[in-house]
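Raw run08.tsv, TSV, C-alpha atoms:
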```tsv
chain	number	residue	atom	x	y	z
J	1	VAL	CA	3.16	9.66	-13.47
J	2	GLN	CA	0.61	9.89	-10.69
J	3	LEU	CA	-0.21	7.27	-8.05
J	4	GLN	CA	-3.90	7.42	-7.19
J	5	ALA	CA	-4.77	5.65	-3.93
J	6	SER	CA	-8.25	4.74	-2.80
J	7	GLY	CA	-10.14	2.41	-0.50
J	8	GLY	CA	-9.53	3.93	2.90
J	9	GLY	CA	-12.29	4.48	5.38
J	10	SER	CA	-13.56	3.99	8.92
J	11	VAL	CA	-14.23	0.46	10.17
J	12	GLN	CA	-14.66	-1.47	13.40
J	13	ALA	CA	-11.93	-3.66	14.82
J	14	GLY	CA	-11.93	-7.07	13.17
J	15	GLU	CA	-13.26	-5.82	9.85
J	16	SER	CA	-11.46	-5.63	6.51
J	17	LEU	CA	-10.51	-3.02	3.94
J	18	LYS	CA	-8.80	-3.22	0.57
J	19	LEU	CA	-6.64	-0.35	-0.61
J	20	SER	CA	-5.87	0.24	-4.28
J	21	CYS	CA	-3.22	2.35	-5.95
J	22	ALA	CA	-3.31	2.96	-9.68
J	23	ALA	CA	-0.18	4.14	-11.48
J	24	ARG	CA	-1.58	6.67	-13.95
J	25	GLY	CA	0.70	7.54	-16.80
J	26	MET	CA	3.28	4.83	-16.09
J	27	ILE	CA	4.13	2.59	-18.99
J	28	TRP	CA	3.46	-1.11	-18.50
J	29	SER	CA	7.07	-2.24	-18.73
J	30	THR	CA	8.12	0.24	-16.04
J	31	PHE	CA	5.31	-0.87	-13.75
J	32	THR	CA	6.11	-4.56	-14.08
J	33	SER	CA	9.81	-3.99	-13.37
J	34	SER	CA	9.27	-1.77	-10.32
J	35	ARG	CA	9.17	-2.45	-6.60
J	36	MET	CA	5.77	-1.68	-5.04
J	37	GLY	CA	5.16	-0.78	-1.44
J	38	TRP	CA	2.63	0.40	1.09
J	39	TYR	CA	3.66	2.58	4.02
J	40	ARG	CA	1.69	4.16	6.81
J	41	GLN	CA	2.06	7.05	9.19
J	42	ALA	CA	0.11	7.41	12.40
J	43	PRO	CA	-0.18	10.76	14.21
J	44	GLY	CA	3.04	11.57	16.03
J	45	LYS	CA	4.88	8.59	14.56
J	46	GLN	CA	7.34	8.06	11.74
J	47	ARG	CA	6.29	6.60	8.43
J	48	GLU	CA	6.78	2.83	8.45
J	49	LEU	CA	6.80	0.08	5.89
J	50	VAL	CA	3.65	-2.02	5.85
J	51	ALA	CA	4.41	-4.30	2.91
J	52	ASP	CA	6.42	-4.38	-0.27
J	53	LEU	CA	6.50	-6.46	-3.41
J	54	SER	CA	9.51	-6.84	-5.65
J	55	SER	CA	9.30	-7.09	-9.40
J	56	GLY	CA	10.18	-10.75	-9.02
J	57	GLY	CA	7.25	-11.39	-6.71
J	58	SER	CA	8.98	-11.46	-3.32
J	59	MET	CA	6.88	-10.00	-0.53
J	60	ASN	CA	7.94	-8.44	2.74
J	61	TYR	CA	5.69	-7.39	5.62
J	62	GLY	CA	6.02	-5.34	8.76
J	63	ASP	CA	5.93	-7.48	11.88
J	64	SER	CA	2.70	-5.95	13.13
J	65	VAL	CA	0.72	-6.86	9.99
J	66	LYS	CA	2.11	-10.31	9.16
J	67	GLY	CA	-0.67	-12.81	8.68
J	68	ARG	CA	-3.33	-10.09	8.40
J	69	PHE	CA	-2.33	-7.98	5.38
J	70	THR	CA	-1.58	-9.08	1.82
J	71	ILE	CA	0.04	-7.04	-0.94
J	72	SER	CA	-0.64	-7.87	-4.57
J	73	LYS	CA	-0.70	-6.24	-7.97
J	74	ASN	CA	-2.49	-6.44	-11.29
J	75	ASN	CA	-0.04	-5.67	-14.07
J	76	SER	CA	-2.68	-5.24	-16.75
J	77	ARG	CA	-4.38	-2.58	-14.62
J	78	LYS	CA	-1.09	-1.16	-13.34
J	79	THR	CA	-2.55	-1.27	-9.87
J	80	VAL	CA	-1.16	-2.42	-6.53
J	81	TYR	CA	-3.43	-3.56	-3.70
J	82	LEU	CA	-3.30	-4.00	0.04
J	83	GLN	CA	-5.85	-6.38	1.51
J	84	MET	CA	-6.18	-5.66	5.23
J	85	ASN	CA	-7.99	-8.21	7.41
J	86	SER	CA	-8.60	-8.38	11.14
J	87	LEU	CA	-7.99	-4.67	11.46
J	88	GLU	CA	-6.97	-3.32	14.85
J	89	PRO	CA	-7.15	0.21	16.28
J	90	GLU	CA	-3.35	0.28	16.06
J	91	ASP	CA	-3.67	0.11	12.27
J	92	THR	CA	-5.18	3.60	12.23
J	93	ALA	CA	-2.97	5.76	10.00
J	94	VAL	CA	-2.63	7.43	6.65
J	95	TYR	CA	-1.55	4.80	4.14
J	96	TYR	CA	0.71	5.70	1.22
J	97	CYS	CA	1.54	3.67	-1.85
J	98	ASN	CA	5.03	3.80	-3.30
J	99	VAL	CA	6.52	2.70	-6.59
J	100	GLN	CA	10.28	2.56	-7.07
J	101	THR	CA	11.59	2.34	-10.59
J	102	GLY	CA	15.27	2.16	-11.38
J	103	SER	CA	15.65	5.92	-11.17
J	104	ARG	CA	12.51	7.37	-9.64
J	105	ASP	CA	10.54	7.11	-6.44
J	106	TYR	CA	6.79	7.83	-6.70
J	107	TRP	CA	4.34	8.36	-3.83
J	108	GLY	CA	0.58	8.41	-3.74
J	109	GLN	CA	-1.40	11.10	-1.94
J	110	GLY	CA	-2.30	8.96	1.07
J	111	THR	CA	-5.59	7.46	2.16
J	112	GLN	CA	-6.89	7.50	5.73
J	113	VAL	CA	-7.71	4.28	7.54
J	114	THR	CA	-9.44	4.58	10.89
J	115	VAL	CA	-10.18	1.53	13.03
J	116	SER	CA	-12.34	1.90	16.11
J	117	SER	CA	-12.62	-0.56	18.96
```

Can you dump the structure from the file as structure tokens?
Amino acid sequence: VQLQASGGGSVQAGESLKLSCAARGMIWSTFTSSRMGWYRQAPGKQRELVADLSSGGSMNYGDSVKGRFTISKNNSRKTVYLQMNSLEPEDTAVYYCNVQTGSRDYWGQGTQVTVSS
């Protein structure tokens, strides 16, 4: 299984980006029963949870992104998304996708998001 993240880039404050993370090699039933998450790590800071999505559809967001970011998934494409609106310079970080199955914890390679003021 490989998580392939994409969609990062450099934007101005107030703009939007949408990150994608495709679970290559994961069978459909495992994907649909897994917890999905997006984390980020800024230089000199610890990795933090941005958003997660349970297999039952419950969503949880970090306080700093509530109301601006939305996590979603497409089961048929085995892909999880992070829609990021009203981006702020403080959102600058490397973003990682994460998939937790019952027994395994998978991480994507990280995608850089840079927001300038």

All residues 7 Å or closer to Ile71 of chain J, only C-alpha atoms, same chain fewer than 6 positions away omitted, as a short mmCIF file (atom, residue, chain, number, x, y, z; two decimals) with C-alpha atoms, in the coordinates of the input:
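Wrote it out as around.cif, contents follow:
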```cif
data_model
loop_
_atom_site.label_atom_id
_atom_site.label_comp_id
_atom_site.auth_asym_id
_atom_site.auth_seq_id
_atom_site.Cartn_x
_atom_site.Cartn_y
_atom_site.Cartn_z
CA ALA J 51 4.41 -4.30 2.91
CA ASP J 52 6.42 -4.38 -0.27
CA LEU J 53 6.50 -6.46 -3.41
CA TYR J 81 -3.43 -3.56 -3.70
CA LEU J 82 -3.30 -4.00 0.04
CA GLN J 83 -5.85 -6.38 1.51
#
```

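Among J:Val115, J:Cys97, J:Val65, J:Leu87, the residue with the shortest atom-to-atom distance to Ala5 of chain J, counting only C-alpha atoms, is J:Cys97.
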
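Residue nearest Gly56 of chain J, chosen from J:Lys18, J:Arg24, J:Arg104, J:Arg35 and counting all atoms listed in the file: J:Arg35.
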
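Distances here use all atoms listed in the file; by that measure, the residue among J:Gln12, J:Trp38, J:Leu17, J:Lys45 closest to Tyr106 of chain J is J:Trp38.
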
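Summary of the local environment: counting all atoms listed in the file, residues at most 7 Å from Gln112 of chain J, other than itself and those fewer than 4 positions away along its chain, are J:Gly8, J:Gly9, J:Ala93, J:Val94, J:Tyr95.
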
Length of the atom CA of Ser10 of chain J to atom CA of Met59 of chain J vector [Å]: 26.5 Å
